[in-house]
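Below is upload-v2.tsv, holding TSV, C-alpha atoms.
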chain	number	residue	atom	x	y	z
D	1	MET	CA	122.42	83.01	42.07
D	2	THR	CA	120.60	81.25	39.31
D	3	SER	CA	117.91	78.74	40.07
D	4	ASN	CA	118.29	75.17	38.80
D	5	PRO	CA	119.26	76.21	35.25
D	6	ILE	CA	119.75	72.68	33.98
D	7	GLU	CA	118.42	69.25	34.79
D	8	LEU	CA	121.25	67.72	36.76
D	9	PRO	CA	121.55	64.01	37.54
D	10	ILE	CA	122.33	64.51	41.21
D	11	ARG	CA	122.90	61.13	42.82
D	12	LYS	CA	120.19	59.96	45.21
D	13	ASP	CA	122.74	59.18	47.93
D	14	LEU	CA	124.09	62.71	47.65
D	15	LEU	CA	120.65	64.30	47.95
D	16	GLU	CA	119.83	62.09	50.94
D	17	ALA	CA	123.10	63.03	52.66
D	18	ILE	CA	122.26	66.71	52.22
D	19	ASP	CA	118.79	66.08	53.63
D	20	ARG	CA	120.28	64.37	56.68
D	21	ALA	CA	122.75	67.20	57.24
D	22	TRP	CA	119.93	69.73	56.97
D	23	ILE	CA	117.70	67.94	59.42
D	24	ARG	CA	120.58	67.70	61.86
D	25	LEU	CA	121.45	71.37	61.38
D	26	GLY	CA	118.12	72.46	62.82
D	27	ARG	CA	118.12	70.08	65.77
D	28	PRO	CA	119.65	70.71	69.19
D	29	GLY	CA	123.24	69.51	69.09
D	30	THR	CA	125.65	68.51	71.82
D	31	TRP	CA	126.56	71.97	73.08
D	32	LEU	CA	124.42	74.28	70.92
D	33	THR	CA	120.68	74.68	70.53
D	34	GLY	CA	118.97	74.29	67.17
D	35	GLU	CA	118.48	78.03	67.09
D	36	GLU	CA	122.19	78.63	67.68
D	37	ARG	CA	123.18	76.07	65.04
D	38	VAL	CA	120.93	77.60	62.37
D	39	GLY	CA	122.02	81.10	63.38
D	40	ILE	CA	125.68	80.10	63.01
D	41	ALA	CA	124.98	78.54	59.62
D	42	ASP	CA	123.24	81.72	58.53
D	43	GLU	CA	126.17	83.90	59.66
D	44	ALA	CA	128.66	81.61	57.96
D	45	ARG	CA	126.69	81.64	54.71
D	46	ALA	CA	126.38	85.43	54.71
D	47	ALA	CA	130.08	85.90	55.46
D	48	LYS	CA	131.13	83.60	52.63
D	49	MET	CA	128.71	85.05	50.10
D	50	ARG	CA	129.83	88.58	50.91
D	51	ASP	CA	133.46	87.46	50.69
D	52	LEU	CA	132.83	86.08	47.20
D	53	GLY	CA	131.03	89.25	46.18
D	54	PHE	CA	127.65	87.58	45.63
D	55	TRP	CA	125.98	89.47	48.45
D	56	LYS	CA	126.58	93.10	49.27
D	57	GLU	CA	127.03	94.16	52.87
D	58	ALA	CA	123.95	96.36	52.77
D	59	ALA	CA	121.84	93.81	50.99
D	60	HIS	CA	122.21	90.85	53.28
D	61	PRO	CA	119.08	88.78	52.66
D	62	PRO	CA	116.77	88.37	55.64
D	63	ILE	CA	118.10	85.74	57.97
D	64	SER	CA	115.97	82.72	58.60
D	65	VAL	CA	116.08	82.94	62.35
D	66	ALA	CA	115.60	85.86	64.62
D	67	ASP	CA	118.64	87.48	66.18
D	68	SER	CA	117.46	86.16	69.53
D	69	TRP	CA	120.08	83.42	69.33
D	70	LEU	CA	122.75	86.09	69.56
D	71	GLU	CA	121.02	87.79	72.45
D	72	LYS	CA	120.98	84.50	74.32
D	73	LEU	CA	124.72	84.14	73.82
D	74	GLY	CA	125.12	87.41	75.72
D	75	GLY	CA	128.78	88.30	76.17
D	76	LEU	CA	129.86	85.52	73.82
D	77	ALA	CA	127.92	86.85	70.83
D	78	ASP	CA	130.70	88.95	69.30
D	79	LEU	CA	133.23	86.21	69.87
D	80	VAL	CA	131.06	83.54	68.23
D	81	VAL	CA	130.18	85.73	65.23
D	82	GLY	CA	133.84	86.64	64.76
D	83	LEU	CA	134.90	83.00	64.89
D	84	VAL	CA	132.16	81.95	62.48
D	85	HIS	CA	133.23	84.59	59.97
D	86	ARG	CA	136.89	83.59	60.21
D	87	ILE	CA	136.20	79.86	59.83
D	88	ALA	CA	133.95	80.62	56.87
D	89	THR	CA	136.29	83.00	55.03
D	90	GLU	CA	139.89	82.68	56.27
D	91	ALA	CA	140.23	79.47	58.26
D	92	SER	CA	143.86	79.06	57.27
D	93	ARG	CA	144.69	82.25	59.20
D	94	LEU	CA	143.34	80.89	62.49
D	95	THR	CA	145.98	80.13	65.09
D	96	GLU	CA	146.15	78.17	68.32
D	97	GLU	CA	146.29	81.53	70.08
D	98	ASP	CA	142.90	82.40	68.58
D	99	TYR	CA	141.51	79.13	69.90
D	100	ARG	CA	143.02	79.58	73.39
D	101	SER	CA	141.77	83.18	73.47
D	102	ALA	CA	138.23	82.00	72.70
D	103	LEU	CA	138.39	79.58	75.64
D	104	ASP	CA	139.78	82.28	77.90
D	105	ARG	CA	136.81	84.46	76.99
D	106	GLY	CA	134.36	81.78	78.06
D	107	LEU	CA	133.66	79.59	75.06
D	108	THR	CA	134.01	75.88	75.85
D	109	ASP	CA	136.06	73.52	73.73
D	110	GLY	CA	132.91	71.52	72.98
D	111	GLN	CA	131.10	74.63	71.75
D	112	TYR	CA	134.11	75.53	69.63
D	113	VAL	CA	134.22	72.10	67.97
D	114	GLU	CA	130.49	72.18	67.27
D	115	ILE	CA	130.79	75.65	65.75
D	116	VAL	CA	133.60	74.37	63.49
D	117	GLY	CA	131.49	71.40	62.41
D	118	THR	CA	128.46	73.59	61.73
D	119	VAL	CA	130.36	76.17	59.67
D	120	ALA	CA	132.20	73.44	57.77
D	121	THR	CA	128.92	71.71	56.94
D	122	ILE	CA	127.25	74.80	55.52
D	123	ALA	CA	130.44	75.71	53.64
D	124	GLY	CA	130.55	72.33	51.95
D	125	ILE	CA	126.89	72.11	51.04
D	126	ASP	CA	126.61	75.74	49.91
D	127	SER	CA	129.69	75.46	47.72
D	128	PHE	CA	128.21	72.36	46.10
D	129	HIS	CA	125.04	74.27	45.25
D	130	ARG	CA	126.96	77.33	44.09
D	131	ALA	CA	129.22	75.25	41.87
D	132	LEU	CA	126.18	73.73	40.16
D	133	GLY	CA	124.35	77.04	39.80
D	134	LEU	CA	121.62	75.91	42.17
D	135	SER	CA	119.87	78.23	44.57
D	136	LEU	CA	121.21	77.95	48.08
D	137	ARG	CA	118.99	75.74	50.13
D	138	GLU	CA	116.78	77.53	52.61
D	139	LEU	CA	118.02	76.97	56.13
D	140	PRO	CA	115.90	74.68	58.30
D	141	ASN	CA	113.62	75.92	61.01
D	142	PRO	CA	115.28	75.42	64.39
D	143	ILE	CA	113.82	72.68	66.55
D	144	ALA	CA	113.36	73.49	70.21
D	145	GLY	CA	115.16	71.48	72.83
D	146	GLU	CA	118.24	71.31	74.96
D	147	PRO	CA	121.70	70.19	73.79
D	148	SER	CA	122.74	66.75	75.09
D	149	ARG	CA	125.94	68.14	76.68
D	150	ARG	CA	127.61	64.72	76.51
D	151	ARG	CA	131.39	64.90	76.55
D	152	PRO	CA	133.28	61.75	75.55
D	153	THR	CA	135.14	60.44	78.59
D	154	GLY	CA	138.19	59.52	76.51
D	155	ALA	CA	138.82	63.01	75.10
D	156	GLN	CA	142.44	64.05	75.53
D	157	SER	CA	144.50	67.04	74.58
D	158	GLY	CA	147.51	66.48	72.38
D	159	GLY	CA	147.81	66.18	68.61
D	160	ALA	CA	145.65	69.21	67.80
D	161	TRP	CA	144.46	72.41	69.44
D	162	VAL	CA	141.21	70.72	70.41
D	163	PRO	CA	140.93	67.57	72.54
D	164	MET	CA	140.30	64.41	70.50
D	165	VAL	CA	139.29	60.81	71.16
D	166	GLU	CA	141.46	57.96	69.95
D	167	ARG	CA	139.77	54.84	68.60
D	168	SER	CA	140.84	52.86	71.70
D	169	ASP	CA	139.31	55.48	74.03
D	170	LEU	CA	135.83	55.65	72.51
D	171	ASP	CA	132.89	55.33	74.89
D	172	PRO	CA	130.64	52.27	74.31
D	173	GLU	CA	127.93	54.44	72.72
D	174	ASP	CA	130.50	55.69	70.21
D	175	ALA	CA	132.03	52.26	69.48
D	176	GLY	CA	131.31	52.46	65.74
D	177	LEU	CA	132.20	56.13	65.40
D	178	TYR	CA	135.26	55.65	63.19
D	179	THR	CA	134.91	53.49	60.10
D	180	LYS	CA	137.66	51.09	59.06
D	181	ASP	CA	139.13	53.58	56.63
D	182	ARG	CA	138.10	56.87	58.18
D	183	ASP	CA	139.88	57.69	61.42
D	184	GLY	CA	142.53	60.18	60.25
D	185	TYR	CA	143.12	63.49	61.93
D	186	VAL	CA	140.44	65.32	59.94
D	187	ILE	CA	137.88	62.85	61.30
D	188	ARG	CA	139.22	62.77	64.86
D	189	ALA	CA	139.40	66.58	64.86
D	190	LEU	CA	135.68	66.75	65.67
D	191	SER	CA	135.57	63.74	68.01
D	192	LEU	CA	134.95	65.89	71.09
D	193	VAL	CA	131.47	66.09	69.55
D	194	PRO	CA	130.83	62.57	68.21
D	195	ASP	CA	127.71	63.59	66.27
D	196	GLU	CA	129.87	66.00	64.24
D	197	VAL	CA	132.10	63.06	63.31
D	198	ARG	CA	129.08	61.00	62.24
D	199	SER	CA	127.88	63.84	60.05
D	200	LEU	CA	131.36	64.44	58.58
D	201	ILE	CA	131.76	60.77	57.63
D	202	ASP	CA	128.25	60.63	56.18
D	203	GLN	CA	128.91	63.66	54.00
D	204	SER	CA	132.39	62.50	53.04
D	205	GLN	CA	131.12	59.11	51.89
D	206	ASN	CA	128.57	60.75	49.61
D	207	PHE	CA	130.31	63.94	48.46
D	208	TYR	CA	133.75	62.41	48.01
D	209	VAL	CA	134.07	58.62	47.88
D	210	ARG	CA	132.34	55.86	49.78
D	211	ASP	CA	135.40	53.64	50.11
D	212	LEU	CA	138.83	55.22	50.34
D	213	SER	CA	140.41	52.04	48.98
D	214	ASN	CA	138.30	52.30	45.83
D	215	LEU	CA	138.16	56.01	45.09
D	216	ALA	CA	136.27	55.91	41.81
D	217	GLU	CA	133.54	53.45	42.84
D	218	GLY	CA	130.16	54.85	41.82
D	219	ARG	CA	131.69	58.07	40.55
D	220	SER	CA	131.78	59.50	37.03
D	221	LEU	CA	135.23	61.00	37.52
D	222	SER	CA	138.42	58.98	37.70
D	223	ARG	CA	140.52	58.82	40.85
D	224	PRO	CA	143.17	61.20	39.44
D	225	GLN	CA	140.45	63.68	38.45
D	226	ILE	CA	138.89	63.50	41.92
D	227	GLU	CA	142.21	63.92	43.69
D	228	MET	CA	143.25	66.78	41.42
D	229	ILE	CA	140.10	68.74	42.29
D	230	ALA	CA	140.58	67.95	45.99
D	231	SER	CA	144.19	69.13	45.93
D	232	ARG	CA	143.28	72.33	44.10
D	233	VAL	CA	140.51	73.19	46.55
D	234	SER	CA	142.86	72.67	49.49
D	235	ALA	CA	145.61	74.72	47.85
D	236	LEU	CA	143.24	77.58	46.99
D	237	ASN	CA	142.16	77.64	50.62
D	238	GLU	CA	145.84	77.72	51.60
D	239	CYS	CA	145.29	74.56	53.58
D	240	PHE	CA	148.19	72.17	54.02
D	241	TYR	CA	145.94	69.19	54.65
L	1	MET	CA	152.70	78.05	43.68
L	2	THR	CA	156.13	77.09	42.46
L	3	GLY	CA	157.66	74.95	39.75
L	4	ARG	CA	155.58	73.69	36.88
L	5	ASP	CA	152.47	75.31	35.47
L	6	PRO	CA	149.62	73.87	37.58
L	7	THR	CA	147.23	73.96	34.62
L	8	ASN	CA	149.56	71.79	32.57
L	9	THR	CA	148.14	68.43	33.59
L	10	GLU	CA	148.15	65.06	31.90
L	11	ILE	CA	144.90	64.08	33.58
L	12	PRO	CA	142.03	63.94	31.05
L	13	HIS	CA	140.21	67.30	31.04
L	14	GLY	CA	142.45	68.31	33.91
L	15	GLU	CA	142.67	71.94	32.92
L	16	ILE	CA	138.88	72.26	32.69
L	17	LEU	CA	138.42	70.63	36.09
L	18	LEU	CA	141.07	72.85	37.68
L	19	LYS	CA	139.36	75.96	36.38
L	20	PHE	CA	136.07	74.64	37.69
L	21	ALA	CA	137.59	74.15	41.15
L	22	GLU	CA	139.11	77.62	41.06
L	23	ALA	CA	135.82	79.22	40.05
L	24	ALA	CA	133.92	77.31	42.72
L	25	VAL	CA	136.30	78.33	45.51
L	26	ALA	CA	136.99	81.93	44.64
L	27	GLY	CA	135.33	82.90	41.38
L	28	GLY	CA	132.50	85.28	40.64
L	29	GLU	CA	129.22	84.39	38.97
L	30	GLU	CA	130.48	84.91	35.42
L	31	GLU	CA	133.56	82.78	35.95
L	32	MET	CA	131.48	80.07	37.61
L	33	VAL	CA	128.97	79.94	34.75
L	34	ALA	CA	131.75	79.58	32.19
L	35	ALA	CA	133.61	76.92	34.17
L	36	ARG	CA	130.41	74.96	34.73
L	37	GLN	CA	129.54	75.03	31.07
L	38	ALA	CA	133.04	73.89	30.13
L	39	VAL	CA	132.73	70.81	32.37
L	40	LEU	CA	129.26	70.08	31.00
L	41	THR	CA	130.44	70.30	27.42
L	42	ALA	CA	133.69	68.37	27.82
L	43	LEU	CA	132.69	65.76	30.37
L	44	GLY	CA	128.93	65.71	30.98
L	45	PRO	CA	126.32	66.38	33.68
L	46	ALA	CA	127.17	63.42	35.94
L	47	GLU	CA	130.82	64.46	35.96
L	48	LEU	CA	129.78	68.03	36.74
L	49	VAL	CA	127.81	66.84	39.76
L	50	ASP	CA	130.70	64.72	41.01
L	51	ALA	CA	133.16	67.59	40.53
L	52	ALA	CA	130.92	69.94	42.52
L	53	ALA	CA	130.54	67.32	45.24
L	54	VAL	CA	134.32	66.92	45.58
L	55	VAL	CA	134.64	70.70	45.81
L	56	GLY	CA	132.01	70.72	48.55
L	57	ASN	CA	133.71	67.92	50.45
L	58	PHE	CA	137.03	69.72	50.57
L	59	GLU	CA	135.55	73.16	51.23
L	60	ARG	CA	134.27	71.45	54.37
L	61	ASN	CA	137.41	69.50	55.27
L	62	VAL	CA	139.84	72.41	54.96
L	63	ARG	CA	137.81	74.36	57.52
L	64	VAL	CA	137.83	71.43	59.93
L	65	ALA	CA	141.58	70.96	59.51
L	66	ASP	CA	142.49	74.63	59.80
L	67	ALA	CA	140.18	75.49	62.69
L	68	THR	CA	141.20	72.57	64.89
L	69	GLY	CA	144.95	72.65	64.41
L	70	ILE	CA	145.38	69.03	63.41
L	71	PRO	CA	148.68	67.85	61.98
L	72	LEU	CA	148.97	66.02	58.70
L	73	ASP	CA	148.48	62.26	58.98
L	74	GLU	CA	151.79	60.41	58.73
L	75	PHE	CA	150.76	58.34	55.73
L	76	LEU	CA	149.63	61.46	53.88
L	77	GLU	CA	152.82	63.30	54.77
L	78	GLU	CA	154.93	60.49	53.33
L	79	LEU	CA	152.80	60.13	50.22
L	80	SER	CA	152.59	63.82	49.43
L	81	ALA	CA	155.97	65.21	50.53
L	82	ASP	CA	157.26	65.88	47.02
L	83	LEU	CA	153.93	67.23	45.76
L	84	ARG	CA	153.46	69.59	48.72
L	85	SER	CA	156.92	71.00	48.27
L	86	GLU	CA	156.40	71.44	44.54
L	87	MET	CA	153.02	73.14	45.02
L	88	GLY	CA	154.29	75.43	47.74
L	89	VAL	CA	151.84	73.98	50.26
L	90	ASP	CA	154.52	73.86	52.97
L	91	ALA	CA	154.53	77.66	52.95
L	92	PHE	CA	150.85	78.00	53.88
L	93	ALA	CA	150.05	79.64	57.20
L	94	SER	CA	148.12	76.60	58.37
L	95	LYS	CA	151.24	74.46	57.94
L	96	THR	CA	152.38	75.84	61.29
L	97	ASN	CA	149.62	73.72	62.84
L	98	ASP	CA	151.37	70.65	61.56
L	99	GLN	CA	153.42	69.86	64.61
L	100	GLN	CA	152.80	67.47	67.43
L	101	PRO	CA	152.25	69.37	70.69
L	102	GLU	CA	152.92	67.93	74.10
L	103	VAL	CA	150.06	66.11	75.78
L	104	GLU	CA	148.34	68.57	78.11
L	105	GLU	CA	145.68	68.50	80.73
L	106	LEU	CA	142.12	68.27	79.46
L	107	GLU	CA	140.46	71.51	78.58
L	108	GLY	CA	137.40	72.36	80.61
L	109	THR	CA	134.01	72.07	79.10
As structure tokens, the full file:
Amino acid sequence: MTSNPIELPIRKDLLEAIDRAWIRLGRPGTWLTGEERVGIADEARAAKMRDLGFWKEAAHPPISVADSWLEKLGGLADLVVGLVHRIATEASRLTEEDYRSALDRGLTDGQYVEIVGTVATIAGIDSFHRALGLSLRELPNPIAGEPSRRRPTGAQSGGAWVPMVERSDLDPEDAGLYTKDRDGYVIRALSLVPDEVRSLIDQSQNFYVRDLSNLAEGRSLSRPQIEMIASRVSALNECFY
Amino acid sequence: MTGRDPTNTEIPHGEILLKFAEAAVAGGEEEMVAARQAVLTALGPAELVDAAAVVGNFERNVRVADATGIPLDEFLEELSADLRSEMGVDAFASKTNDQQPEVEELEGT
């Protein structure tokens, strides 16, 4: 990868959103420790870069965290690494059977959702850097601490593989979780872990558009240009969404 | 892909932006450098940043959608029915997620 080859006018709100995502990445989450979250991000990054041919298998750069996070996962380590790689490189091939199998092997639905959110976050931010020819941002140092382990009381199965929380079933502490224009399935998909929803909306508002009713506000591209890129990225990933 | 040539777009600089998206999602370094330079030359640096940000946003969203098995929102399904059929999106593997399952008991944590 090249390193900042040109002076780019990256919007302040975009840079701040990346900073927030990075800080959050290193902190203990809801079901995963900071060490696990950074380790997952590192695995996802390596899998994607190898898939694109930027990194060779034998030349995987040193990871930023020790492999102790995998040792702590014990019997779940292979399962988690396999899932991370698949979400990073071939998410469209995942099936409900894969998800159910992961639960049968001992992963919880909350852990699964947080893994999805973590891999998706690093995929989005890394692809932004790669597209601009910027060096990939160094992963944060994990912050010690225990996950909150708070499960929304209104989470229900139905509508997706993973349980979700409808707007009417949000706990009081999550009352403002969905914005007026952002409560579609792709937002609710992560609602078993409300902090993943907050991060997704924050990134969406700054990477994509702030207001879905005014798609070109504050952007240099027109709405058709924005939507054309979005559609192409989804199609190339073989994603129906 | 089916039907019309996807690079034949009436959107200003559409072909350049499509190639940029393609390079960003699946291209190598050489392809990415060329696509980036094309956007810079034709549109400008602010447009390049916004294009990369949209790519990043949807590289994230597709993983969330595909890994959680969500269906397509009704309003999106209605709005995009013709386009999805024309682009061959309905044939994607992840389209099989797009069905409403029965309500089940809560999964354990």
**Q.** Distance criterion (only C-alpha atoms): nearest to chain L out of D:Ala175, D:Met228, D:Ala41, D:Leu136
**A.** D:Met228
Q: Could you check how far atom CA of Asp104 of chain D sits from atom CA of Arg37 of chain D, in Å to one decimal?
A: 21.9 Å
Q: Counting all atoms listed in the file, figure out which residue out of L:Glu74, L:Glu15, L:Val62, L:Ala38 gets nearest to chain D.
A: L:Val62
(132.8, 60.3, 44.0) in this file's frame - what residues fall within 12 Å of it? Use all atoms listed in the file and give the answer as a compact mmCIF listing (two decimals) with C-alpha atoms, in the coordinates of the input.
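What follows is the written file selection-v5.txt:
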# COMPACT_ATOMS: atom_id res chain seq x y z
CA ILE D 10 122.33 64.51 41.21
CA ARG D 11 122.90 61.13 42.82
CA ASP D 13 122.74 59.18 47.93
CA LEU D 14 124.09 62.71 47.65
CA GLN D 203 128.91 63.66 54.00
CA SER D 204 132.39 62.50 53.04
CA GLN D 205 131.12 59.11 51.89
CA ASN D 206 128.57 60.75 49.61
CA PHE D 207 130.31 63.94 48.46
CA TYR D 208 133.75 62.41 48.01
CA VAL D 209 134.07 58.62 47.88
CA ARG D 210 132.34 55.86 49.78
CA ASP D 211 135.40 53.64 50.11
CA LEU D 212 138.83 55.22 50.34
CA ASN D 214 138.30 52.30 45.83
CA LEU D 215 138.16 56.01 45.09
CA ALA D 216 136.27 55.91 41.81
CA GLU D 217 133.54 53.45 42.84
CA GLY D 218 130.16 54.85 41.82
CA ARG D 219 131.69 58.07 40.55
CA SER D 220 131.78 59.50 37.03
CA LEU D 221 135.23 61.00 37.52
CA SER D 222 138.42 58.98 37.70
CA ARG D 223 140.52 58.82 40.85
CA PRO D 224 143.17 61.20 39.44
CA GLN D 225 140.45 63.68 38.45
CA ILE D 226 138.89 63.50 41.92
CA GLU D 227 142.21 63.92 43.69
CA ILE D 229 140.10 68.74 42.29
CA ALA D 230 140.58 67.95 45.99
CA ALA L 46 127.17 63.42 35.94
CA GLU L 47 130.82 64.46 35.96
CA LEU L 48 129.78 68.03 36.74
CA VAL L 49 127.81 66.84 39.76
CA ASP L 50 130.70 64.72 41.01
CA ALA L 51 133.16 67.59 40.53
CA ALA L 52 130.92 69.94 42.52
CA ALA L 53 130.54 67.32 45.24
CA VAL L 54 134.32 66.92 45.58
CA VAL L 55 134.64 70.70 45.81
CA GLY L 56 132.01 70.72 48.55
CA ASN L 57 133.71 67.92 50.45
Q) Contacts of Glu22 of chain L at 10 Å or less, counting all atoms listed in the file, minus same-chain residues fewer than 2 places along, as a ChimeraX atom specification? A) /D:229,232-233,235-236 /L:16-20,24-27,31-32,35,55
Q.
So that I can check the surroundings of Thr89 of chain D, please list as a ChimeraX atom specification every protein, DNA and RNA residue that reaches within 8 Å of it, counting all atoms listed in the file and ignoring chain neighbours fewer than 3 positions away.
A. /D:47-48,51,85-86
Q | Interatomic distance (Å, one decimal) between atom CA of Arg36 of chain L and atom CA of Arg45 of chain D | A |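 It comes out at 21.4 Å.
Contact shell of Ile40 of chain D at 8 Å (all atoms listed in the file; same-chain neighbours under 4 positions omitted): D:Glu36, D:Ala44, D:Val81, D:Val84, D:Ile115, D:Thr118, D:Val119.
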Give me, as JSON lines, the closest atom pair and its distance (Å, one decimal) for every residue of chain D within a cut-off of 6 Å of chain L, counting all atoms listed in the file, rows sorted by chain and rising number.
{"residue": "D:Pro9", "atom": "CA", "partner": "L:Ala46", "partner_atom": "CA", "distance": 5.9}
{"residue": "D:Ala91", "atom": "CA", "partner": "L:Asp66", "partner_atom": "CA", "distance": 5.6}
{"residue": "D:Ser92", "atom": "CA", "partner": "L:Ser94", "partner_atom": "CA", "distance": 5.0}
{"residue": "D:Thr108", "atom": "CA", "partner": "L:Thr109", "partner_atom": "CA", "distance": 5.0}
{"residue": "D:Asp109", "atom": "CA", "partner": "L:Thr109", "partner_atom": "CA", "distance": 5.9}
{"residue": "D:Ala120", "atom": "CA", "partner": "L:Arg60", "partner_atom": "CA", "distance": 4.5}
{"residue": "D:Thr121", "atom": "CA", "partner": "L:Arg60", "partner_atom": "CA", "distance": 5.9}
{"residue": "D:Ala123", "atom": "CA", "partner": "L:Arg60", "partner_atom": "CA", "distance": 5.8}
{"residue": "D:Gly124", "atom": "CA", "partner": "L:Gly56", "partner_atom": "CA", "distance": 4.0}
{"residue": "D:Ile125", "atom": "CA", "partner": "L:Gly56", "partner_atom": "CA", "distance": 5.9}
{"residue": "D:Ser127", "atom": "CA", "partner": "L:Gly56", "partner_atom": "CA", "distance": 5.3}
{"residue": "D:Phe128", "atom": "CA", "partner": "L:Gly56", "partner_atom": "CA", "distance": 4.8}
{"residue": "D:Ala131", "atom": "CA", "partner": "L:Ala24", "partner_atom": "CA", "distance": 5.2}
{"residue": "D:Gln156", "atom": "CA", "partner": "L:Leu106", "partner_atom": "CA", "distance": 5.8}
{"residue": "D:Ser157", "atom": "CA", "partner": "L:Glu104", "partner_atom": "CA", "distance": 5.4}
{"residue": "D:Gly158", "atom": "CA", "partner": "L:Val103", "partner_atom": "CA", "distance": 4.3}
{"residue": "D:Gly159", "atom": "CA", "partner": "L:Gln100", "partner_atom": "CA", "distance": 5.3}
{"residue": "D:Ala160", "atom": "CA", "partner": "L:Ile70", "partner_atom": "CA", "distance": 4.4}
{"residue": "D:Trp161", "atom": "CA", "partner": "L:Gly69", "partner_atom": "CA", "distance": 5.1}
{"residue": "D:Val162", "atom": "CA", "partner": "L:Thr68", "partner_atom": "CA", "distance": 5.8}
{"residue": "D:Val186", "atom": "CA", "partner": "L:Ala65", "partner_atom": "CA", "distance": 5.8}
{"residue": "D:Phe207", "atom": "CA", "partner": "L:Ala53", "partner_atom": "CA", "distance": 4.7}
{"residue": "D:Tyr208", "atom": "CA", "partner": "L:Val54", "partner_atom": "CA", "distance": 5.2}
{"residue": "D:Ser220", "atom": "CA", "partner": "L:Glu47", "partner_atom": "CA", "distance": 5.2}
{"residue": "D:Leu221", "atom": "CA", "partner": "L:Glu47", "partner_atom": "CA", "distance": 5.8}
{"residue": "D:Glu238", "atom": "CA", "partner": "L:Phe92", "partner_atom": "CA", "distance": 5.5}
{"residue": "D:Cys239", "atom": "CA", "partner": "L:Ser94", "partner_atom": "CA", "distance": 5.9}
{"residue": "D:Phe240", "atom": "CA", "partner": "L:Lys95", "partner_atom": "CA", "distance": 5.5}
{"residue": "D:Tyr241", "atom": "CA", "partner": "L:Leu72", "partner_atom": "CA", "distance": 6.0}
Q: Calculate how many Å separate atom CA of Arg105 of chain D from atom CA of Trp69 of chain D, rounding to one decimal.
A: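 The value is 18.4 Å.
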